[in-house]
Structure formats: structure tokens, C-alpha cells
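Coordinates as given in model.txt (compact mmCIF, C-alpha atoms):
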# COMPACT_ATOMS: atom_id res chain seq x y z
CA MET A 1 0.00 0.00 0.00
CA ASP A 2 2.88 2.36 0.79
CA ALA A 3 4.41 1.67 -2.62
CA LEU A 4 1.10 2.50 -4.30
CA LYS A 5 0.83 5.79 -2.39
CA GLN A 6 4.42 6.70 -3.21
CA GLY A 7 3.83 6.03 -6.89
CA ALA A 8 0.55 7.96 -6.87
CA ASP A 9 2.20 10.94 -5.17
CA ALA A 10 5.09 10.91 -7.64
CA LEU A 11 2.66 10.81 -10.58
CA PHE A 12 0.51 13.56 -9.03
CA ILE A 13 3.32 16.03 -8.60
CA LEU A 14 4.83 15.06 -11.98
CA MET A 15 1.54 15.99 -13.65
CA GLY A 16 1.70 19.32 -11.86
CA ALA A 17 5.27 19.87 -13.02
CA VAL A 18 4.32 19.17 -16.63
CA MET A 19 1.34 21.53 -16.44
CA VAL A 20 3.49 24.35 -15.06
CA LEU A 21 6.19 23.55 -17.63
CA ALA A 22 3.51 24.10 -20.27
CA MET A 23 2.83 27.53 -18.73
CA HIS A 24 6.23 28.61 -20.01
CA ALA A 25 4.84 28.27 -23.52
CA GLY A 26 2.14 30.64 -22.32
CA PHE A 27 4.76 33.14 -21.12
CA ALA A 28 6.44 32.87 -24.53
CA PHE A 29 3.31 33.46 -26.60
CA LEU A 30 2.00 36.18 -24.31
CA GLU A 31 5.25 38.08 -24.88
CA LEU A 32 5.39 37.21 -28.58
CA GLY A 33 1.89 38.60 -29.12
CA THR A 34 2.58 41.77 -27.16
CA VAL A 35 5.96 42.88 -28.54
CA ARG A 36 6.51 44.35 -32.00
CA GLY A 37 7.13 41.99 -34.89
CA LYS A 38 10.87 42.65 -34.95
CA ASN A 39 11.25 41.21 -31.43
CA GLN A 40 9.14 38.06 -31.64
CA VAL A 41 11.93 35.54 -32.21
CA ASN A 42 13.80 36.96 -29.24
CA ALA A 43 10.75 36.50 -27.03
CA LEU A 44 10.54 32.80 -27.93
CA VAL A 45 14.26 32.12 -27.54
CA LYS A 46 14.55 33.95 -24.21
CA ILE A 47 11.85 31.92 -22.48
CA LEU A 48 13.29 28.57 -23.57
CA VAL A 49 16.91 29.42 -22.80
CA ASP A 50 16.02 31.09 -19.49
CA PHE A 51 14.19 27.91 -18.50
CA SER A 52 17.20 25.79 -19.42
CA VAL A 53 19.61 27.95 -17.43
CA SER A 54 17.16 27.94 -14.52
CA THR A 55 17.04 24.14 -14.55
CA VAL A 56 20.80 23.72 -14.31
CA VAL A 57 21.25 26.41 -11.66
CA TYR A 58 18.30 25.35 -9.51
CA PHE A 59 19.45 21.72 -9.66
CA ALA A 60 23.03 22.59 -8.72
CA VAL A 61 22.50 25.43 -6.25
CA GLY A 62 19.03 26.93 -5.85
CA TYR A 63 17.17 23.91 -4.48
CA ALA A 64 19.84 23.43 -1.83
CA VAL A 65 19.61 27.12 -0.85
CA ALA A 66 15.84 26.78 -0.37
CA TYR A 67 15.56 23.30 1.13
CA GLY A 68 19.03 22.37 2.35
CA THR A 69 19.29 19.24 0.24
CA GLY A 70 20.89 18.51 -3.12
CA PHE A 71 21.17 15.83 -5.74
CA PHE A 72 24.90 15.02 -5.83
CA VAL A 73 24.33 11.48 -4.60
CA GLY A 74 23.95 8.14 -6.36
CA ALA A 75 21.01 7.46 -8.66
CA GLU A 76 19.98 4.58 -6.40
CA GLN A 77 19.31 7.03 -3.59
CA LEU A 78 17.55 9.48 -5.89
CA ALA A 79 15.24 6.73 -7.16
CA GLN A 80 13.90 5.93 -3.68
CA ASN A 81 10.16 6.39 -3.11
CA ASN A 82 9.58 6.21 -6.86
CA GLY A 83 11.87 9.21 -7.35
CA TYR A 84 9.46 11.51 -5.50
CA ALA A 85 12.28 13.85 -4.44
CA LEU A 86 13.26 14.32 -8.07
CA VAL A 87 9.77 15.09 -9.36
CA LYS A 88 9.25 17.46 -6.42
CA PHE A 89 12.38 19.25 -7.59
CA PHE A 90 10.96 19.32 -11.13
CA PHE A 91 7.71 20.83 -9.84
CA LEU A 92 9.42 23.50 -7.74
CA LEU A 93 11.87 24.24 -10.56
CA THR A 94 8.99 25.27 -12.81
CA PHE A 95 8.03 27.82 -10.15
CA ALA A 96 11.60 29.12 -9.90
CA ALA A 97 11.91 29.40 -13.67
CA ALA A 98 8.78 31.55 -13.74
CA ILE A 99 10.82 34.39 -12.21
CA PRO A 100 13.01 35.08 -15.29
CA ALA A 101 9.99 34.43 -17.52
CA ILE A 102 8.15 37.21 -15.68
CA ILE A 103 11.13 39.56 -15.91
CA SER A 104 11.50 38.84 -19.62
CA GLY A 105 8.18 40.51 -20.39
CA GLY A 106 9.13 43.70 -18.59
CA ILE A 107 12.52 44.19 -20.25
CA ALA A 108 11.44 43.12 -23.75
CA GLU A 109 12.59 44.80 -26.96
CA ARG A 110 15.76 46.50 -25.69
CA ALA A 111 17.64 44.15 -23.34
CA LYS A 112 20.87 42.36 -24.22
CA PHE A 113 20.64 38.58 -24.37
CA TRP A 114 23.67 37.29 -22.46
CA PRO A 115 23.49 39.66 -19.47
CA GLN A 116 19.92 38.51 -18.93
CA LEU A 117 21.11 34.89 -18.77
CA ILE A 118 23.64 35.90 -16.11
CA ALA A 119 20.84 37.60 -14.17
CA THR A 120 18.71 34.47 -14.50
CA ALA A 121 21.48 32.34 -13.01
CA VAL A 122 21.95 34.63 -10.01
CA ILE A 123 18.23 35.11 -9.38
CA VAL A 124 17.28 31.43 -9.66
CA GLY A 125 20.43 30.30 -7.88
CA PHE A 126 20.16 32.59 -4.87
CA VAL A 127 17.78 35.58 -4.83
CA TYR A 128 14.55 33.62 -5.33
CA PRO A 129 15.40 30.44 -3.35
CA PHE A 130 16.63 32.50 -0.38
CA PHE A 131 13.11 33.86 0.18
CA GLU A 132 11.54 30.58 -0.92
CA GLY A 133 13.41 28.86 1.91
CA ILE A 134 12.18 31.45 4.42
CA ALA A 135 8.52 31.20 3.38
CA TRP A 136 8.22 27.50 2.56
CA ASN A 137 10.96 25.84 4.59
CA GLY A 138 11.17 27.89 7.78
CA HIS A 139 14.71 29.16 7.28
CA PHE A 140 16.32 31.54 9.79
CA GLY A 141 13.37 31.28 12.16
CA VAL A 142 11.45 34.01 10.32
CA GLN A 143 8.20 32.07 10.21
CA ALA A 144 8.59 31.21 13.90
CA TRP A 145 9.11 34.90 14.63
CA ILE A 146 5.98 35.87 12.67
CA LYS A 147 4.05 33.19 14.54
CA SER A 148 5.27 34.56 17.88
CA LEU A 149 3.89 37.97 16.91
CA THR A 150 0.60 37.00 15.32
CA GLY A 151 -0.14 33.45 16.41
CA VAL A 152 0.22 31.96 12.92
CA GLU A 153 2.85 31.78 10.21
CA PHE A 154 2.80 33.71 6.94
CA HIS A 155 0.63 31.70 4.53
CA ASP A 156 1.31 31.47 0.81
CA PHE A 157 -0.11 28.22 -0.51
CA ALA A 158 0.91 28.51 -4.17
CA GLY A 159 3.13 31.54 -4.47
CA SER A 160 1.27 34.84 -4.83
CA VAL A 161 4.16 36.42 -2.97
CA VAL A 162 6.95 33.82 -3.13
CA VAL A 163 6.77 33.52 -6.93
CA HIS A 164 4.70 36.32 -8.46
CA ALA A 165 5.35 39.29 -6.21
CA VAL A 166 9.04 38.39 -6.02
CA GLY A 167 9.24 38.10 -9.81
CA GLY A 168 7.31 41.32 -10.39
CA TRP A 169 9.31 43.43 -7.95
CA ILE A 170 12.64 42.12 -9.27
CA ALA A 171 11.36 43.06 -12.73
CA LEU A 172 10.60 46.60 -11.56
CA GLY A 173 14.26 47.09 -10.67
CA ALA A 174 15.35 45.70 -14.01
CA VAL A 175 12.91 47.86 -15.98
CA TRP A 176 13.87 50.98 -14.04
CA LEU A 177 17.61 50.48 -14.61
CA LEU A 178 17.14 49.53 -18.26
CA GLY A 179 15.12 52.60 -19.12
CA ALA A 180 12.32 53.06 -21.61
CA ARG A 181 12.43 51.91 -25.20
CA ARG A 182 13.84 54.57 -27.50
CA ASN A 183 11.26 57.11 -28.69
CA ARG A 184 8.64 55.61 -26.39
CA TYR A 185 8.27 58.91 -24.54
CA ARG A 186 8.81 62.05 -26.60
CA ARG A 187 10.24 65.33 -25.35
CA ASP A 188 6.95 67.12 -26.03
CA GLY A 189 5.23 64.81 -23.55
CA GLY A 190 3.71 62.55 -26.18
CA ILE A 191 3.75 58.78 -25.94
CA ALA A 192 4.43 56.57 -28.95
CA ALA A 193 1.77 53.88 -29.16
CA THR A 194 3.05 50.30 -29.35
CA PRO A 195 -0.02 48.11 -29.86
CA PRO A 196 0.30 44.31 -29.56
CA SER A 197 1.69 42.71 -32.70
CA SER A 198 -0.70 39.76 -32.54
CA ILE A 199 -3.83 39.57 -30.42
CA PRO A 200 -4.31 35.88 -31.36
CA PHE A 201 -0.83 34.96 -30.06
CA LEU A 202 -1.37 37.10 -26.96
CA ALA A 203 -4.68 35.33 -26.34
CA LEU A 204 -3.11 31.92 -26.94
CA GLY A 205 -0.43 32.69 -24.36
CA ALA A 206 -3.07 33.80 -21.85
CA TRP A 207 -5.10 30.62 -22.37
CA ILE A 208 -2.06 28.34 -22.01
CA LEU A 209 -1.12 30.11 -18.78
CA THR A 210 -4.69 29.92 -17.49
CA VAL A 211 -5.02 26.17 -18.07
CA GLY A 212 -1.58 25.41 -16.66
CA TRP A 213 -2.35 27.48 -13.58
CA PHE A 214 -4.65 24.77 -12.28
CA GLY A 215 -1.56 22.59 -12.02
CA PHE A 216 0.31 25.48 -10.44
CA ASN A 217 -2.33 25.86 -7.72
CA VAL A 218 -3.97 22.46 -7.23
CA MET A 219 -0.74 20.44 -7.34
CA SER A 220 0.85 22.74 -4.76
CA ALA A 221 -0.70 20.24 -2.32
CA GLN A 222 2.31 18.10 -3.43
CA THR A 223 0.75 14.81 -2.30
CA LEU A 224 -2.45 13.18 -3.49
CA ASP A 225 -4.05 12.93 -0.06
CA LYS A 226 -3.92 16.72 0.34
CA ILE A 227 -5.61 17.59 -2.95
CA SER A 228 -8.56 19.97 -2.57
CA GLY A 229 -11.33 20.80 -4.98
CA LEU A 230 -11.64 24.08 -3.13
CA VAL A 231 -8.31 25.18 -4.62
CA ALA A 232 -9.52 24.35 -8.13
CA VAL A 233 -12.84 26.18 -7.84
CA ASN A 234 -11.28 29.17 -6.10
CA SER A 235 -8.78 29.41 -8.95
CA LEU A 236 -11.65 29.27 -11.43
CA MET A 237 -13.62 31.98 -9.64
CA ALA A 238 -10.61 34.29 -9.32
CA MET A 239 -9.87 33.79 -13.00
CA VAL A 240 -13.35 34.84 -14.12
CA GLY A 241 -13.45 37.66 -11.57
CA GLY A 242 -10.24 39.07 -13.00
CA THR A 243 -11.50 38.68 -16.55
CA LEU A 244 -14.81 40.46 -15.99
CA ALA A 245 -13.26 43.27 -13.97
CA ALA A 246 -10.60 43.84 -16.63
CA LEU A 247 -13.30 43.80 -19.32
CA VAL A 248 -15.20 46.62 -17.62
CA MET A 249 -12.23 48.58 -16.31
CA GLY A 250 -10.32 48.20 -19.57
CA LYS A 251 -13.31 49.20 -21.71
CA ASN A 252 -13.27 45.97 -23.72
CA ASP A 253 -9.60 46.26 -24.70
CA PRO A 254 -8.56 42.71 -25.69
CA GLY A 255 -5.11 43.12 -24.18
CA PHE A 256 -6.63 43.89 -20.80
CA VAL A 257 -9.30 41.22 -21.17
CA HIS A 258 -6.71 38.49 -21.69
CA ASN A 259 -4.48 39.68 -18.87
CA GLY A 260 -7.47 39.88 -16.51
CA PRO A 261 -7.62 36.13 -15.79
CA LEU A 262 -3.89 36.12 -15.13
CA ALA A 263 -4.25 38.95 -12.60
CA GLY A 264 -6.97 37.03 -10.80
CA LEU A 265 -4.97 33.81 -10.77
CA VAL A 266 -1.85 35.59 -9.48
CA ALA A 267 -3.85 37.02 -6.59
CA VAL A 268 -5.62 33.83 -5.56
CA CYS A 269 -2.52 31.62 -5.31
CA ALA A 270 -1.73 32.50 -1.68
CA GLY A 271 -5.16 31.81 -0.21
CA SER A 272 -6.68 29.43 -2.75
CA ASP A 273 -6.74 26.63 -0.16
CA LEU A 274 -8.59 28.74 2.41
CA MET A 275 -11.04 31.13 0.75
CA HIS A 276 -14.72 30.68 0.00
CA PRO A 277 -15.32 30.74 -3.78
CA ILE A 278 -17.20 34.04 -3.46
CA GLY A 279 -14.19 35.50 -1.67
CA ALA A 280 -11.96 34.22 -4.47
CA LEU A 281 -14.23 35.91 -7.02
CA VAL A 282 -13.84 39.22 -5.18
CA VAL A 283 -10.07 38.80 -4.86
CA GLY A 284 -9.80 38.12 -8.60
CA ALA A 285 -12.01 41.09 -9.48
CA VAL A 286 -9.95 43.46 -7.34
CA ALA A 287 -6.82 42.15 -9.04
CA GLY A 288 -8.32 42.78 -12.48
CA VAL A 289 -9.10 46.38 -11.57
CA LEU A 290 -5.68 46.83 -9.96
CA PHE A 291 -3.88 45.56 -13.05
CA VAL A 292 -5.73 47.78 -15.56
CA TYR A 293 -5.45 50.90 -13.40
CA MET A 294 -1.79 50.44 -12.50
CA PHE A 295 -0.72 49.36 -15.99
CA THR A 296 -2.25 52.55 -17.40
CA LEU A 297 -0.73 54.66 -14.63
CA THR A 298 2.79 53.24 -14.99
CA GLN A 299 2.80 53.56 -18.78
CA ASN A 300 1.17 56.96 -19.17
CA LYS A 301 1.86 58.92 -15.99
CA LEU A 302 4.90 57.37 -14.31
CA LYS A 303 6.47 56.58 -17.69
CA ILE A 304 7.84 53.23 -16.58
CA ASP A 305 8.17 51.24 -19.80
CA ASP A 306 7.20 47.82 -18.48
CA VAL A 307 6.28 46.24 -21.81
CA LEU A 308 3.95 43.47 -20.61
CA GLY A 309 3.00 45.19 -17.37
CA VAL A 310 4.67 42.51 -15.26
CA TRP A 311 5.06 44.77 -12.21
CA PRO A 312 1.32 45.54 -12.01
CA LEU A 313 0.34 41.99 -12.99
CA HIS A 314 2.73 39.94 -10.87
CA GLY A 315 4.27 42.42 -8.44
CA LEU A 316 1.18 44.31 -7.31
CA CYS A 317 -1.46 41.61 -7.82
CA GLY A 318 0.86 39.13 -6.11
CA ALA A 319 1.25 41.44 -3.11
CA TRP A 320 -2.53 41.94 -3.08
CA GLY A 321 -2.94 38.17 -3.07
CA GLY A 322 -0.67 37.77 -0.06
CA ILE A 323 -2.68 40.36 1.86
CA ALA A 324 -6.04 39.08 0.59
CA ALA A 325 -5.30 35.63 2.01
CA GLY A 326 -5.32 37.22 5.46
CA ILE A 327 -8.70 38.82 4.78
CA PHE A 328 -10.74 36.34 2.75
CA GLY A 329 -9.07 33.28 4.28
CA ALA A 330 -10.45 34.29 7.68
CA LYS A 331 -13.61 32.64 8.98
CA ALA A 332 -15.30 36.03 9.23
CA PHE A 333 -15.26 36.18 5.43
CA GLY A 334 -16.28 32.57 4.88
CA GLY A 335 -12.77 31.12 4.78
CA LEU A 336 -11.29 28.20 6.67
CA GLY A 337 -9.29 30.39 9.05
CA GLY A 338 -5.81 29.80 10.38
CA VAL A 339 -4.46 33.04 8.89
CA HIS A 340 -3.80 36.48 10.33
CA LEU A 341 -3.76 39.74 8.40
CA GLY A 342 -0.72 40.93 10.34
CA ALA A 343 1.26 37.83 9.42
CA GLN A 344 0.28 38.28 5.77
CA LEU A 345 1.35 41.92 5.78
CA ILE A 346 4.72 41.10 7.33
CA GLY A 347 5.45 38.22 4.95
CA THR A 348 4.30 40.18 1.90
CA LEU A 349 6.37 43.25 2.77
CA MET A 350 9.43 41.09 3.40
CA GLY A 351 9.06 39.43 0.00
CA VAL A 352 8.59 42.77 -1.76
CA ALA A 353 11.58 44.37 -0.02
CA TRP A 354 13.87 41.41 -0.72
CA ALA A 355 12.85 41.23 -4.38
CA LEU A 356 13.16 44.96 -5.00
CA ALA A 357 16.60 45.04 -3.41
CA GLY A 358 17.65 41.92 -5.32
CA GLY A 359 16.49 43.36 -8.63
CA PHE A 360 18.37 46.61 -8.19
CA VAL A 361 21.56 44.87 -7.02
CA VAL A 362 21.67 42.18 -9.71
CA TYR A 363 20.75 44.42 -12.63
CA GLY A 364 22.68 47.37 -11.21
CA VAL A 365 25.91 45.36 -11.15
CA LEU A 366 25.27 44.09 -14.67
CA LYS A 367 24.56 47.60 -15.91
CA LYS A 368 27.87 48.84 -14.50
CA THR A 369 29.92 45.90 -15.81
CA VAL A 370 28.62 44.37 -19.03
CA GLY A 371 25.69 46.67 -19.80
CA LEU A 372 22.00 45.87 -20.11
CA ARG A 373 20.81 47.56 -23.30
CA LEU A 374 21.13 46.97 -26.97
CA THR A 375 22.69 49.83 -28.89
CA GLN A 376 20.43 52.39 -30.52
CA GLU A 377 20.98 50.80 -33.93
CA GLU A 378 20.36 47.28 -32.61
CA GLU A 379 17.16 48.34 -30.92
CA PHE A 380 15.99 50.07 -34.10
CA ASP A 381 16.67 46.92 -36.14
CA GLY A 382 14.99 44.78 -33.50
CA ALA A 383 16.28 42.08 -31.18
CA ASP A 384 15.48 39.37 -33.73
CA LEU A 385 17.98 40.59 -36.33
CA SER A 386 20.44 42.07 -33.85
CA ILE A 387 20.74 39.00 -31.64
CA HIS A 388 19.48 36.02 -33.62
CA ARG A 389 20.16 37.15 -37.21
CA ILE A 390 16.68 36.17 -38.38
CA THR A 391 13.16 37.56 -38.25
CA SER A 392 9.94 35.76 -37.43
CA SER A 393 8.92 35.63 -41.10
CA PRO A 394 12.08 35.88 -43.26
CA GLU A 395 10.54 34.36 -46.40
CA ARG A 396 7.64 36.80 -46.48
CA GLU A 397 9.89 39.76 -45.84
CA GLY A 398 12.30 38.59 -48.51
CA ASN A 399 9.50 38.36 -51.09
CA TRP A 400 8.24 41.81 -50.16
Give the structure from this file in C-alpha cells form.
Amino acid sequence: MDALKQGADALFILMGAVMVLAMHAGFAFLELGTVRGKNQVNALVKILVDFSVSTVVYFAVGYAVAYGTGFFVGAEQLAQNNGYALVKFFFLLTFAAAIPAIISGGIAERAKFWPQLIATAVIVGFVYPFFEGIAWNGHFGVQAWIKSLTGVEFHDFAGSVVVHAVGGWIALGAVWLLGARRNRYRRDGGIAATPPSSIPFLALGAWILTVGWFGFNVMSAQTLDKISGLVAVNSLMAMVGGTLAALVMGKNDPGFVHNGPLAGLVAVCAGSDLMHPIGALVVGAVAGVLFVYMFTLTQNKLKIDDVLGVWPLHGLCGAWGGIAAGIFGAKAFGGLGGVHLGAQLIGTLMGVAWALAGGFVVYGVLKKTVGLRLTQEEEFDGADLSIHRITSSPEREGNW
């Protein structure tokens, strides 16, 4: 019976890992559909190569930083319990690799290729797993300290803060240091419009992410006996809440409509195992409004050229999700309880502060040493030609 349970658990978390792996195709197509045509190849290559670098670094260093255990032992030991430890690594790797995928959308169209891979290695090897270990493995007694203050630990079931807020706030540092795309903001105060290059590809990316997210959230139980239909339905309700709110707030703009479900899903991760479905609907709707409002504000007023809006989407909606778990996870709002708003505020602020500092340090050092930006000519030609020596449709362009 134990062998059957071990095999079932290994299969369960492997299915989750594969579903979140598929989400990286969603990241790729979301970026591909948003950026201009001359940067589409770069979007596709970045996501795949970032994932590959993340895998090697997280296997060699990052997982040990977060969980204090590594894989430099014999295969016989690794294969114990149906290789559960390995597939758990695979599952958690897909979370870690989401960080550079998030950042990629913010720095699109003007970032150098190789410096970003260096940043990926440092972030996935240390910056992200350091906080991951604090939140999910009790490192340095931080969770015990929060519990001594509030009575409970900081709760983040599937990574609203640990993954999304951390990724979004690191990205803010990178975007800030990189600067806006050339001619994006004119001296006369005008803003050059850069509409999505392909709404169908953008929508495809959003749908792939949305479907994969049910693996991201539900399989965060990590063993079959802990699976909860509540997580699945809460994810569903937050998704539709974000969609409908973005539809109204964004005045039927398809770019906002397709990012709406992602905003809702980002926000519900932390408390998806605790909230009532109606609470999840509200959390998702607030996230949809927050994304549309803050994306518009950052682009038009603050003039922060975050191409895919990853700071509003992941950074702010992720932080909202961490806080919302302390509100809508409470029994007073129909939740299961066991959370405290104070604990959620402390944990969320810690994650935000660590990520923001990490983003500025990592990208600040790279800016001073190897540089972050393409040259003016390379940016004008586009990252596809400048970096990869090919465009997304060379035959058509050749015939024209």
C-alpha cells in the first residue's frame, strides 16, 4: 500500500510539473503577441533558454539554498520512493523558472541577451530560493518569529508572494535600470503607441497560462491525499473575476481582457486553499481592476516602460494576493481560518523588499559591468535581427 501511495504521489506532482512547464509556452506566446514583430523571435528564444539555465542552476544550487538538500548522490538514492524527491524538484523548478519568464516581459525589446542569462542564473540560484526557503521551509526562524507575533505563520499556498510578487518586484528594478524603449516617450510629452503585434498569439499565451495554472495551484498540495477541490474552484472563480473586472475597467480592450484572468490567478494563489469561492471571485475582481489601473498609470503617468505590465500583474497583484489571504481566508469572510492579516502583511512586505533590493543589485551590477541595453541601432533593427540574425517571417519579408 505504501508503494502505491508513493507512486501515486510521484505521478501527481509530476503531472503538476508538466502543467506548469507548459505555462512557459504561455509566457512565450504572451510576450510574442505583445511585442513588436521585430522582437518576436527573441521572445521565444529567451523563455526557452532562461528555462534551461534555470534548470541547471536550480538543480546545482538553488534547491539546496531553499531546502538544504541537493542531488549530488547516487542514482539509487535518488530513485527511492519512486523518485518523488526528483519530481518534487521538477515541480518547484517550474516555479523558480517563472521568475526570469516574468522579468522577460518587462525588459522586452531592448535588453541584451547574455546579461539577462547571467541575471537568471543569479536570481534562480540565490535571490529567489533564499526567500523561498524562508517562506516554505522555515529558514532563519522568520516564520517562527511571525508566529510569535501574530499566532500563525505567513501563509502562501501557491506563491502569490513567493513567486509572483518576487518576480514582479525584481522586474521593476530591471525595468527601471534599463530605461524606456527609444522614442517611447517624446520630449513634447507625447507617448508613442506600441499596440500588440498579434492579439491571437497574446490570447493563446493567456489561455495556455490559465489552463496550466490549475496545475500550479492544485498540485501545490504536493501529495495526493492533500488535494482539494476548493483550490480548483477558487482558482476558477478568481480567474473569471479578474476577466470580468478587466473587461469593464479596460473598456473591452482585448489586451486587458486576456491579462485579466492572469491577474486574478496571481492574486488567488496564496489563499486558494482557504477562501470561500465568493471570496476568491472578489479577490480576482480586485486584481483585475488593480492591473488595468496600474498598468495605465505606470505607462502613461509614471512613464515606466514595463512592456507586458509585469510589475502591475505579478508584483502588485501578487502582493494583493498575499494580503487578501489574510482577509478572505479568515472565517469572518467565509474562509477556513488559520491566517492572520498581520502575518500576511509582514510576509508580503518582506518578499517585496527582498525582491526589489535583489532586482536593483543584480541588474545594477550588470549595468555597471557588461551593460543591459542593446545599442540604438540594434534596438531600431529589432532584437530578432540584432541578436538572432533572423526575423519571425524571413521568407515573407524577402518576397516583399
* Near-region 272-275 of chain A list (12 Å; only C-alpha atoms; drop same-chain fewer than 6 positions) as JSON, numbers by chain -> {"A": [155, 156, 157, 158, 159, 160, 213, 214, 216, 217, 218, 219, 220, 221, 226, 227, 228, 229, 230, 231, 232, 233, 234, 235, 236, 237, 238, 239, 264, 265, 266, 281, 282, 283, 284, 321, 322, 324, 325, 326, 327, 328, 329, 330, 331, 332, 333, 334, 335, 336, 337, 338, 339]}
* Interatomic distance, CA of Phe154 (chain A) to CA of Gly347 (chain A) (Å, one decimal) -> 5.6 Å
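With all atoms listed in the file taken into account, the protein and nucleic acid residues at most 10 Å from region 183-193 of chain A (excluding it and anything under 4 positions from it in its own chain) are Gln299, Asn300, Lys303, Ile304 and Asp305 of chain A.
The protein and nucleic acid residues lying at most 9 Å from Val161 (chain A) are Asp156, Val166, Gly167, Val266, Ala267, Cys269, Ala270, His314, Gly315, Gly318, Ala319, Trp320, Gly321, Gly322, Gly347, Thr348, Gly351 and Val352 of chain A, with only C-alpha atoms considered and sequence neighbours fewer than 5 positions away removed.
When all atoms listed in the file are used to measure the gap to Val122 (chain A), the shortest distance among A:Gln143, A:Leu262, A:Phe72, A:Val365 belongs to A:Val365.
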* To do: Around the point (21.0, 46.7, -28.1), in the coordinates given by the file, pick out the residues reaching within 10 Å, counting only C-alpha atoms, and return them as a ChimeraX atom specification.
  => /A:109-113,371-383,386-387
* Asked: Please, what distance in Å, to one decimal, runs between CA of Gly215 (chain A) and CA of Val65 (chain A)?
  -> 24.4 Å
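Neighbouring residues of region 86-100 of chain A at 7 Å or closer, counting only C-alpha atoms and skipping chain neighbours under 6 positions away, are Ala10, Ile13, Leu14, Gly16, Ala17, Val20, Leu21, Asp50, Phe51, Ser54, Thr55, Tyr58, Leu78, Thr120, Val124, Val163 and Gly167 of chain A.
Considering only C-alpha atoms, the residue among A:Ala263, A:Val45, A:Ile134, A:Leu117 positioned nearest to Ala285 (chain A) is A:Ala263.
Of the residues listed (A:Cys317, A:Val307, A:Ile103, A:Ala353), A:Cys317 shows the shortest atom-to-atom separation from Ala287 (chain A); distances use all atoms listed in the file.
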* Restricting the calculation to only C-alpha atoms, which member of A:Gly125, A:Gly138, A:Gly205, A:Gly168 is positioned closest to Gly309 (chain A)? -> A:Gly168
* Separation of CA of Leu204 (chain A) from CA of Ile278 (chain A) in Å -> 27.5 Å
Once 3 Å is added on each side, what are the centre and the three edge lengths, in Å to one decimal, of the axis-aligned box enclosing the listed atoms of region 75-79 of chain A? Present them as lines of an AutoDock Vina configuration file.
center_x = 18.1
center_y = 7.0
center_z = -6.1
size_x = 11.8
size_y = 10.9
size_z = 11.1
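For the residues A:Gly250, A:Gly242, A:Gly26, A:Gly62, ranking by smallest atom-to-atom distance to Phe201 (chain A) using all atoms listed in the file places A:Gly26 first.
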